[in-house]
>>> print(open('model-v7.csv').read())   # CSV, C-alpha atoms
chain,number,residue,atom,x,y,z
A,70,MET,CA,88.5,190.8,134.5
A,71,SER,CA,90.6,188.3,132.5
A,72,PRO,CA,94.3,189.1,132.0
A,73,GLN,CA,95.3,190.5,128.6
A,74,VAL,CA,98.1,188.0,127.9
A,75,ALA,CA,98.7,184.3,128.8
A,76,LEU,CA,102.4,183.8,129.3
A,77,VAL,CA,103.5,180.2,128.9
A,78,GLY,CA,106.9,179.6,130.5
A,79,LEU,CA,108.7,181.7,133.2
A,80,GLY,CA,112.3,180.8,132.3
A,81,GLY,CA,115.0,182.9,130.6
A,82,LEU,CA,112.6,184.2,128.0
A,83,GLY,CA,109.4,184.5,130.0
A,84,CYS,CA,111.0,186.5,132.8
A,85,PRO,CA,112.1,189.5,130.7
A,86,VAL,CA,108.8,189.3,128.8
A,87,ALA,CA,106.8,189.4,132.1
A,88,PHE,CA,109.0,192.3,133.4
A,89,ALA,CA,108.5,194.4,130.2
A,90,LEU,CA,104.8,193.8,129.9
A,91,ALA,CA,104.1,194.5,133.5
A,92,GLU,CA,106.0,197.7,133.3
A,93,ALA,CA,103.8,198.6,130.3
A,94,GLY,CA,100.7,197.9,132.4
A,95,VAL,CA,99.7,194.6,130.8
A,96,SER,CA,98.0,192.0,133.1
A,97,LEU,CA,99.2,188.5,132.8
A,98,ARG,CA,98.2,184.9,133.3
A,99,LEU,CA,101.5,183.2,134.3
A,100,ILE,CA,101.7,179.5,133.4
A,101,ASP,CA,104.6,177.3,134.5
A,102,GLU,CA,104.8,174.1,136.6
A,103,ASP,CA,108.5,174.5,137.6
A,104,ARG,CA,110.0,175.8,140.8
A,105,VAL,CA,112.9,178.3,141.2
A,106,GLU,CA,116.3,176.5,141.2
A,107,ARG,CA,119.7,178.0,141.8
A,108,SER,CA,120.8,177.2,138.3
A,109,ASN,CA,118.0,179.5,137.0
A,110,LEU,CA,119.3,182.7,138.7
A,111,HIS,CA,121.9,183.8,136.2
A,112,ARG,CA,119.3,184.2,133.4
A,113,GLN,CA,115.9,184.4,135.0
A,114,MET,CA,115.8,188.0,136.2
A,115,LEU,CA,112.7,187.9,138.3
A,116,PHE,CA,114.0,185.4,140.9
A,117,THR,CA,116.4,185.6,143.9
A,118,GLU,CA,118.0,183.1,146.2
A,119,ALA,CA,115.3,183.9,148.8
A,120,GLN,CA,112.8,182.4,146.4
A,121,LEU,CA,114.5,179.0,145.8
A,122,GLY,CA,112.0,176.2,145.9
A,123,LEU,CA,109.0,178.4,145.2
A,124,PRO,CA,106.8,177.9,142.2
A,125,LYS,CA,108.1,180.1,139.5
A,126,VAL,CA,104.7,181.7,138.8
A,127,GLU,CA,104.3,182.7,142.4
A,128,ALA,CA,107.8,184.1,142.7
A,129,ALA,CA,107.3,186.0,139.4
A,130,ALA,CA,103.9,187.4,140.6
A,131,ALA,CA,105.5,188.7,143.8
A,132,ALA,CA,108.3,190.4,141.8
A,133,LEU,CA,105.8,191.9,139.4
A,134,ALA,CA,103.6,193.1,142.2
A,135,ALA,CA,106.6,195.0,143.6
A,136,LEU,CA,107.3,196.4,140.2
A,137,ASN,CA,103.7,197.6,139.4
A,138,PRO,CA,101.6,197.3,142.6
A,139,GLY,CA,98.3,198.3,140.8
A,140,LEU,CA,98.4,195.4,138.4
A,141,ARG,CA,96.9,192.0,139.1
A,142,HIS,CA,98.2,188.8,137.6
A,143,GLU,CA,96.8,185.2,137.6
A,144,THR,CA,99.0,182.2,138.4
A,145,ARG,CA,98.7,178.7,137.1
A,146,VAL,CA,101.2,176.1,138.5
A,147,GLU,CA,100.8,173.6,135.7
A,148,HIS,CA,102.1,172.5,132.4
A,149,VAL,CA,100.2,173.1,129.2
A,150,VAL,CA,99.0,169.6,128.1
A,151,PRO,CA,96.3,168.7,125.6
A,152,GLY,CA,93.6,168.2,128.2
A,153,ARG,CA,94.2,171.7,129.7
A,154,ALA,CA,95.4,173.9,126.9
A,155,GLU,CA,92.0,175.2,125.9
A,156,ALA,CA,91.2,176.3,129.4
A,157,LEU,CA,94.7,177.8,130.1
A,158,LEU,CA,94.7,179.9,127.0
A,159,ALA,CA,91.0,181.0,127.2
A,160,ASP,CA,89.8,184.6,127.4
A,161,VAL,CA,93.0,186.4,126.6
A,162,ALA,CA,93.8,188.9,123.9
A,163,LEU,CA,97.2,187.3,123.2
A,164,VAL,CA,99.4,184.3,124.0
A,165,VAL,CA,103.2,184.7,124.5
A,166,GLU,CA,105.0,181.3,124.5
A,167,GLY,CA,108.6,181.0,125.7
A,168,CYS,CA,108.9,177.5,127.0
A,169,ASP,CA,111.8,175.1,126.3
A,170,ASN,CA,109.6,172.1,125.3
A,171,VAL,CA,109.1,171.8,121.6
A,172,PRO,CA,105.9,169.7,121.7
A,173,THR,CA,104.4,172.4,124.0
A,174,LYS,CA,105.3,175.0,121.4
A,175,PHE,CA,103.2,173.1,118.8
A,176,LEU,CA,100.4,172.6,121.2
A,177,VAL,CA,100.2,176.3,122.1
A,178,SER,CA,100.3,177.2,118.4
A,179,ASP,CA,97.5,174.8,117.5
A,180,THR,CA,95.4,175.8,120.4
A,181,ALA,CA,95.8,179.5,119.7
A,182,ALA,CA,94.9,178.9,116.1
A,183,ARG,CA,91.7,177.1,117.1
A,184,ARG,CA,90.8,180.0,119.4
A,185,GLY,CA,91.7,182.6,116.8
A,186,VAL,CA,94.1,184.3,119.3
A,187,PRO,CA,97.4,185.8,118.1
A,188,VAL,CA,100.6,184.3,119.6
A,189,VAL,CA,104.2,185.3,120.0
A,190,HIS,CA,106.6,182.4,120.1
A,191,GLY,CA,110.2,182.6,121.3
A,192,ALA,CA,113.2,180.3,121.6
A,193,SER,CA,116.8,180.5,122.5
A,194,VAL,CA,119.6,177.9,122.4
A,195,GLY,CA,123.3,178.7,122.7
A,196,PHE,CA,123.9,182.1,121.2
A,197,VAL,CA,120.9,182.0,118.8
A,198,GLY,CA,117.3,183.0,119.4
A,199,THR,CA,114.2,183.3,117.3
A,200,VAL,CA,110.9,185.2,117.7
A,201,LEU,CA,107.8,184.4,115.6
A,202,SER,CA,104.5,186.2,115.6
A,203,ALA,CA,101.4,184.5,114.3
A,204,GLN,CA,97.7,185.0,113.8
A,205,VAL,CA,95.5,182.4,112.1
A,206,GLY,CA,94.1,183.6,108.8
A,207,ARG,CA,96.6,186.4,108.4
A,208,ALA,CA,100.0,184.8,108.1
A,209,ALA,CA,102.1,181.7,108.8
A,210,CYS,CA,101.7,179.9,112.2
A,211,TYR,CA,104.4,178.1,114.1
A,212,ARG,CA,103.5,174.8,112.3
A,213,CYS,CA,103.6,176.5,108.9
A,214,VAL,CA,107.3,177.4,109.5
A,215,PHE,CA,108.6,174.4,111.5
A,216,GLU,CA,106.0,171.8,110.4
A,217,ASP,CA,106.3,169.2,113.2
A,218,VAL,CA,108.1,168.2,116.3
A,219,PRO,CA,111.7,167.2,115.3
A,220,GLY,CA,112.9,163.6,115.9
A,221,ASP,CA,115.3,162.8,118.7
A,222,ASP,CA,118.3,162.8,116.3
A,223,GLU,CA,117.3,166.3,115.1
A,224,ALA,CA,116.6,168.1,118.3
A,225,VAL,CA,119.0,170.6,119.8
A,226,ASP,CA,118.1,171.9,123.3
A,227,CYS,CA,119.6,173.9,126.1
A,228,ALA,CA,120.9,170.8,127.9
A,229,THR,CA,123.1,170.0,124.9
A,230,ALA,CA,123.9,173.4,123.5
A,231,GLY,CA,123.8,175.6,126.6
A,232,VAL,CA,121.8,178.8,127.2
A,233,TYR,CA,123.2,182.2,127.8
A,234,GLY,CA,121.6,184.9,129.9
A,235,PRO,CA,122.3,187.9,127.7
A,236,VAL,CA,120.8,186.1,124.7
A,237,THR,CA,117.6,185.0,126.5
A,238,SER,CA,117.2,188.6,127.8
A,239,LEU,CA,117.6,190.0,124.3
A,240,VAL,CA,115.1,187.5,122.8
A,241,GLY,CA,112.7,188.1,125.6
A,242,ALA,CA,112.8,191.9,125.0
A,243,LEU,CA,112.0,191.3,121.3
A,244,MET,CA,109.1,189.1,122.3
A,245,ALA,CA,107.7,191.7,124.6
A,246,ALA,CA,108.0,194.3,121.8
A,247,GLU,CA,106.1,192.1,119.5
A,248,ALA,CA,103.5,191.5,122.1
A,249,LEU,CA,103.0,195.2,122.7
A,250,ARG,CA,102.7,195.9,118.9
A,251,ALA,CA,100.1,193.1,118.6
A,252,LEU,CA,98.1,194.4,121.6
A,253,GLU,CA,98.2,198.0,120.2
A,254,GLY,CA,97.5,196.9,116.6
A,255,ARG,CA,100.3,199.1,115.3
A,256,ASP,CA,103.2,198.0,113.1
A,257,TRP,CA,102.7,194.3,113.9
A,258,GLN,CA,103.6,191.8,111.2
A,259,PRO,CA,102.4,188.3,111.9
A,260,GLY,CA,104.3,185.6,110.0
A,261,ARG,CA,107.6,187.4,110.6
A,262,VAL,CA,110.5,185.4,112.1
A,263,THR,CA,113.3,187.4,113.7
A,264,ARG,CA,116.6,185.5,114.2
A,265,VAL,CA,119.3,186.8,116.6
A,266,ASP,CA,122.8,185.4,116.4
A,267,ALA,CA,124.7,187.0,119.3
A,268,TRP,CA,127.9,185.2,118.5
A,269,ARG,CA,128.0,186.8,115.0
A,270,GLY,CA,126.2,190.0,116.1
A,271,THR,CA,123.5,189.7,113.5
A,272,LEU,CA,119.7,190.2,113.6
A,273,ARG,CA,117.6,189.2,110.6
A,274,SER,CA,113.9,189.1,109.9
A,275,THR,CA,112.0,187.0,107.3
A,276,THR,CA,108.3,187.0,106.7
A,277,PHE,CA,106.7,183.6,105.9
A,278,ALA,CA,103.5,183.0,103.9
A,279,ARG,CA,101.0,180.4,105.2
A,280,ARG,CA,101.8,176.9,104.1
A,281,PRO,CA,99.1,175.3,101.9
A,282,GLY,CA,97.4,172.5,103.8
A,283,CYS,CA,99.0,173.3,107.1
A,284,PRO,CA,97.2,171.2,109.8
A,285,GLY,CA,97.7,173.9,112.4
A,286,CYS,CA,95.9,176.8,110.7
A,287,GLY,CA,94.3,175.3,107.6
A,288,PRO,CA,90.6,175.6,106.7
A,289,SER,CA,89.5,172.9,109.2
A,290,VAL,CA,90.9,174.9,112.2
>>> encode(input="model-v7.csv", output="structure tokens")
Amino acid sequence: MSPQVALVGLGGLGCPVAFALAEAGVSLRLIDEDRVERSNLHRQMLFTEAQLGLPKVEAAAAALAALNPGLRHETRVEHVVPGRAEALLADVALVVEGCDNVPTKFLVSDTAARRGVPVVHGASVGFVGTVLSAQVGRAACYRCVFEDVPGDDEAVDCATAGVYGPVTSLVGALMAAEALRALEGRDWQPGRVTRVDAWRGTLRSTTFARRPGCPGCGPSV
């Protein structure tokens, strides 16, 4: 049986998402090409020093097996690239994306739109995080809201702004809640962007309409 959710990225966002969904009995396809590094441990809750050097998906699968032994997860030690995106995101009910690579976020969004699969996106930089739920045909997709990959002079990432464990854990928890609402079909609002500012202590949600002519979820998708 195919897993219910494809989880792209096992970093500061993906780890709390995986933990919460596994606790809820959701089987996962874990997708990440990276290995566990010491610098990950302060914010990536599934990993320990004993797992340094292991592929993140394998270390995460072991942690999740201990958490919920009756649940089976798939692992894919690879990056989502154009030639593999369709296969990696096939045969699931939902995609959850928490990677730190902006082009990959757009690729996941476009692929999910083509497949008609709902997707929950998450991001966290510094003390700020966002969560966006999307489903083609119902509401705005990632490309409707953010349009295209930013240029080098516009991009802000974790390497320049830092990343904080409490913020990624909070955003990951919100992503998991969105995923569960989507899977259950109750109180889920695609097109809603939730923005967390942990420095100011604020949480705000805005719902976006589809952007006319959006190449990600327009009529040609």
>>> closest_atom_pairs(input="model-v7.csv", of="stretch 249-279 of chain A", to="stretch 181-191 of chain A", cutoff="12 Å", atoms="all atoms listed in the file", output="Markdown table")
| residue | atom | partner | partner_atom | distance |
| --- | --- | --- | --- | --- |
| A:Leu249 | CA | A:Val189 | CA | 10.3 |
| A:Arg250 | CA | A:Val189 | CA | 10.8 |
| A:Ala251 | CA | A:Pro187 | CA | 7.8 |
| A:Leu252 | CA | A:Pro187 | CA | 9.3 |
| A:Gly254 | CA | A:Pro187 | CA | 11.2 |
| A:Trp257 | CA | A:Pro187 | CA | 10.9 |
| A:Gln258 | CA | A:Val189 | CA | 11.0 |
| A:Pro259 | CA | A:Pro187 | CA | 8.3 |
| A:Gly260 | CA | A:Val189 | CA | 10.0 |
| A:Arg261 | CA | A:Val189 | CA | 10.2 |
| A:Val262 | CA | A:His190 | CA | 9.4 |
| A:Thr263 | CA | A:Gly191 | CA | 9.5 |
| A:Arg264 | CA | A:Gly191 | CA | 10.0 |
| A:Val265 | CA | A:Gly191 | CA | 11.1 |
>>> write_last_selection(input="model-v7.csv", atoms="C-alpha atoms", output="PDB file, in the frame of the given file")
ATOM      1  CA  LEU A 249     103.000 195.200 122.700  1.00  0.00           C
ATOM      2  CA  ARG A 250     102.700 195.900 118.900  1.00  0.00           C
ATOM      3  CA  ALA A 251     100.100 193.100 118.600  1.00  0.00           C
ATOM      4  CA  LEU A 252      98.100 194.400 121.600  1.00  0.00           C
ATOM      5  CA  GLY A 254      97.500 196.900 116.600  1.00  0.00           C
ATOM      6  CA  TRP A 257     102.700 194.300 113.900  1.00  0.00           C
ATOM      7  CA  GLN A 258     103.600 191.800 111.200  1.00  0.00           C
ATOM      8  CA  PRO A 259     102.400 188.300 111.900  1.00  0.00           C
ATOM      9  CA  GLY A 260     104.300 185.600 110.000  1.00  0.00           C
ATOM     10  CA  ARG A 261     107.600 187.400 110.600  1.00  0.00           C
ATOM     11  CA  VAL A 262     110.500 185.400 112.100  1.00  0.00           C
ATOM     12  CA  THR A 263     113.300 187.400 113.700  1.00  0.00           C
ATOM     13  CA  ARG A 264     116.600 185.500 114.200  1.00  0.00           C
ATOM     14  CA  VAL A 265     119.300 186.800 116.600  1.00  0.00           C
TER      15      VAL A 265
END
>>> closest_residue(input="model-v7.csv", among="A:Val240, A:Gly195, A:Val171, A:Glu247", to="A:Leu272", atoms="all atoms listed in the file")
A:Val240
>>> atom_distance(input="model-v7.csv", atom1="atom CA of A:Gly78", atom2="atom CA of A:Glu92")
18.3 Å
>>> closest_residue(input="model-v7.csv", among="A:Glu147, A:Glu118, A:Asp266, A:Asp217", to="A:Val197", atoms="all atoms listed in the file")
A:Asp266
>>> atom_distance(input="model-v7.csv", atom1="atom CA of A:Ala75", atom2="atom CA of A:Gly282")
27.7 Å
>>> closest_residue(input="model-v7.csv", among="A:Thr173, A:Ser238, A:Ser202, A:Thr144", to="A:Ala131", atoms="all atoms listed in the file")
A:Thr144
>>> atom_distance(input="model-v7.csv", atom1="atom CA of A:Phe175", atom2="atom CA of A:Thr276")
19.1 Å
>>> residues_near_point(input="model-v7.csv", point="(106.4, 191.8, 134.4)", cutoff="10 Å", atoms="all atoms listed in the file", output="VMD selection string")
chain A and resid 83 to 97 99 115 129 to 137 140 142 245
>>> write_last_selection(input="model-v7.csv", atoms="C-alpha atoms", output="PDB file, keeping the file's coordinate frame")
ATOM      1  CA  GLY A  83     109.400 184.500 130.000  1.00  0.00           C
ATOM      2  CA  CYS A  84     111.000 186.500 132.800  1.00  0.00           C
ATOM      3  CA  PRO A  85     112.100 189.500 130.700  1.00  0.00           C
ATOM      4  CA  VAL A  86     108.800 189.300 128.800  1.00  0.00           C
ATOM      5  CA  ALA A  87     106.800 189.400 132.100  1.00  0.00           C
ATOM      6  CA  PHE A  88     109.000 192.300 133.400  1.00  0.00           C
ATOM      7  CA  ALA A  89     108.500 194.400 130.200  1.00  0.00           C
ATOM      8  CA  LEU A  90     104.800 193.800 129.900  1.00  0.00           C
ATOM      9  CA  ALA A  91     104.100 194.500 133.500  1.00  0.00           C
ATOM     10  CA  GLU A  92     106.000 197.700 133.300  1.00  0.00           C
ATOM     11  CA  ALA A  93     103.800 198.600 130.300  1.00  0.00           C
ATOM     12  CA  GLY A  94     100.700 197.900 132.400  1.00  0.00           C
ATOM     13  CA  VAL A  95      99.700 194.600 130.800  1.00  0.00           C
ATOM     14  CA  SER A  96      98.000 192.000 133.100  1.00  0.00           C
ATOM     15  CA  LEU A  97      99.200 188.500 132.800  1.00  0.00           C
ATOM     16  CA  LEU A  99     101.500 183.200 134.300  1.00  0.00           C
ATOM     17  CA  LEU A 115     112.700 187.900 138.300  1.00  0.00           C
ATOM     18  CA  ALA A 129     107.300 186.000 139.400  1.00  0.00           C
ATOM     19  CA  ALA A 130     103.900 187.400 140.600  1.00  0.00           C
ATOM     20  CA  ALA A 131     105.500 188.700 143.800  1.00  0.00           C
ATOM     21  CA  ALA A 132     108.300 190.400 141.800  1.00  0.00           C
ATOM     22  CA  LEU A 133     105.800 191.900 139.400  1.00  0.00           C
ATOM     23  CA  ALA A 134     103.600 193.100 142.200  1.00  0.00           C
ATOM     24  CA  ALA A 135     106.600 195.000 143.600  1.00  0.00           C
ATOM     25  CA  LEU A 136     107.300 196.400 140.200  1.00  0.00           C
ATOM     26  CA  ASN A 137     103.700 197.600 139.400  1.00  0.00           C
ATOM     27  CA  LEU A 140      98.400 195.400 138.400  1.00  0.00           C
ATOM     28  CA  HIS A 142      98.200 188.800 137.600  1.00  0.00           C
ATOM     29  CA  ALA A 245     107.700 191.700 124.600  1.00  0.00           C
TER      30      ALA A 245
END
>>> closest_residue(input="model-v7.csv", among="A:Val77, A:Ala203, A:Ala246, A:Ala154", to="A:Glu166", atoms="all atoms listed in the file")
A:Val77
>>> residues_near_point(input="model-v7.csv", point="(120.9, 179.8, 134.5)", cutoff="12 Å", atoms="only C-alpha atoms", output="VMD selection string")
chain A and resid 80 to 82 105 to 114 116 to 117 227 to 228 231 to 238
>>> closest_residue(input="model-v7.csv", among="A:Glu216, A:Ile100, A:Gln204, A:Cys283", to="A:Ala162", atoms="all atoms listed in the file")
A:Gln204
>>> closest_residue(input="model-v7.csv", among="A:Val205, A:Val161, A:Ala128, A:Cys210", to="A:Leu76", atoms="only C-alpha atoms")
A:Val161
>>> decode(input="model-v7.csv", residues="stretch 122-154 of chain A", atoms="N, CA and C atoms", output="short mmCIF file (atom, residue, chain, number, x, y, z; two decimals), in the first residue's frame")
data_model
loop_
_atom_site.label_atom_id
_atom_site.label_comp_id
_atom_site.auth_asym_id
_atom_site.auth_seq_id
_atom_site.Cartn_x
_atom_site.Cartn_y
_atom_site.Cartn_z
N GLY A 122 26.01 11.23 10.20
CA GLY A 122 26.50 10.61 8.99
C GLY A 122 25.50 9.73 8.28
N LEU A 123 24.42 9.36 8.94
CA LEU A 123 23.39 8.54 8.30
C LEU A 123 22.51 9.40 7.39
N PRO A 124 21.97 8.81 6.31
CA PRO A 124 20.96 9.56 5.55
C PRO A 124 19.81 9.96 6.45
N LYS A 125 19.36 11.18 6.30
CA LYS A 125 18.30 11.68 7.17
C LYS A 125 17.04 10.82 7.10
N VAL A 126 16.69 10.36 5.90
CA VAL A 126 15.45 9.59 5.78
C VAL A 126 15.54 8.28 6.55
N GLU A 127 16.72 7.66 6.56
CA GLU A 127 16.88 6.40 7.28
C GLU A 127 16.88 6.64 8.78
N ALA A 128 17.57 7.69 9.23
CA ALA A 128 17.56 8.03 10.65
C ALA A 128 16.15 8.38 11.12
N ALA A 129 15.43 9.13 10.31
CA ALA A 129 14.06 9.50 10.66
C ALA A 129 13.15 8.28 10.71
N ALA A 130 13.29 7.39 9.72
CA ALA A 130 12.45 6.19 9.70
C ALA A 130 12.68 5.35 10.95
N ALA A 131 13.93 5.25 11.40
CA ALA A 131 14.23 4.49 12.61
C ALA A 131 13.57 5.14 13.83
N ALA A 132 13.65 6.46 13.92
CA ALA A 132 13.03 7.16 15.05
C ALA A 132 11.51 7.01 15.02
N LEU A 133 10.91 7.06 13.84
CA LEU A 133 9.46 6.94 13.73
C LEU A 133 9.00 5.52 14.01
N ALA A 134 9.83 4.53 13.66
CA ALA A 134 9.49 3.13 13.95
C ALA A 134 9.43 2.89 15.45
N ALA A 135 10.34 3.53 16.18
CA ALA A 135 10.32 3.41 17.63
C ALA A 135 9.10 4.12 18.22
N LEU A 136 8.68 5.19 17.58
CA LEU A 136 7.55 5.97 18.05
C LEU A 136 6.23 5.23 17.82
N ASN A 137 6.08 4.63 16.64
CA ASN A 137 4.85 3.94 16.27
C ASN A 137 5.23 2.68 15.50
N PRO A 138 5.54 1.57 16.19
CA PRO A 138 6.09 0.37 15.56
C PRO A 138 5.19 -0.26 14.50
N GLY A 139 3.90 -0.03 14.56
CA GLY A 139 3.00 -0.67 13.61
C GLY A 139 2.87 0.04 12.28
N LEU A 140 3.57 1.17 12.11
CA LEU A 140 3.44 1.98 10.92
C LEU A 140 4.65 1.81 10.01
N ARG A 141 4.43 1.71 8.71
CA ARG A 141 5.53 1.54 7.76
C ARG A 141 5.71 2.82 6.95
N HIS A 142 6.98 3.18 6.75
CA HIS A 142 7.31 4.37 5.97
C HIS A 142 8.28 4.00 4.85
N GLU A 143 8.17 4.72 3.72
CA GLU A 143 9.12 4.56 2.62
C GLU A 143 10.22 5.61 2.77
N THR A 144 11.41 5.28 2.26
CA THR A 144 12.51 6.24 2.29
C THR A 144 13.07 6.43 0.88
N ARG A 145 13.38 7.67 0.55
CA ARG A 145 13.98 8.00 -0.74
C ARG A 145 15.16 8.94 -0.48
N VAL A 146 16.38 8.42 -0.65
CA VAL A 146 17.58 9.23 -0.43
C VAL A 146 17.89 9.96 -1.73
N GLU A 147 17.15 10.99 -2.00
CA GLU A 147 17.36 11.76 -3.22
C GLU A 147 16.70 13.12 -3.13
N HIS A 148 17.09 13.98 -4.04
CA HIS A 148 16.56 15.33 -4.13
C HIS A 148 15.45 15.35 -5.16
N VAL A 149 14.44 16.17 -4.96
CA VAL A 149 13.36 16.30 -5.94
C VAL A 149 13.85 17.19 -7.08
N VAL A 150 14.05 16.58 -8.23
CA VAL A 150 14.51 17.29 -9.43
C VAL A 150 13.49 17.04 -10.53
N PRO A 151 13.51 17.85 -11.61
CA PRO A 151 12.49 17.71 -12.65
C PRO A 151 12.32 16.30 -13.20
N GLY A 152 13.41 15.58 -13.38
CA GLY A 152 13.29 14.23 -13.94
C GLY A 152 12.73 13.19 -12.99
N ARG A 153 12.64 13.52 -11.71
CA ARG A 153 12.19 12.55 -10.71
C ARG A 153 10.96 13.01 -9.93
N ALA A 154 10.55 14.24 -10.09
CA ALA A 154 9.47 14.78 -9.25
C ALA A 154 8.17 14.00 -9.40
#
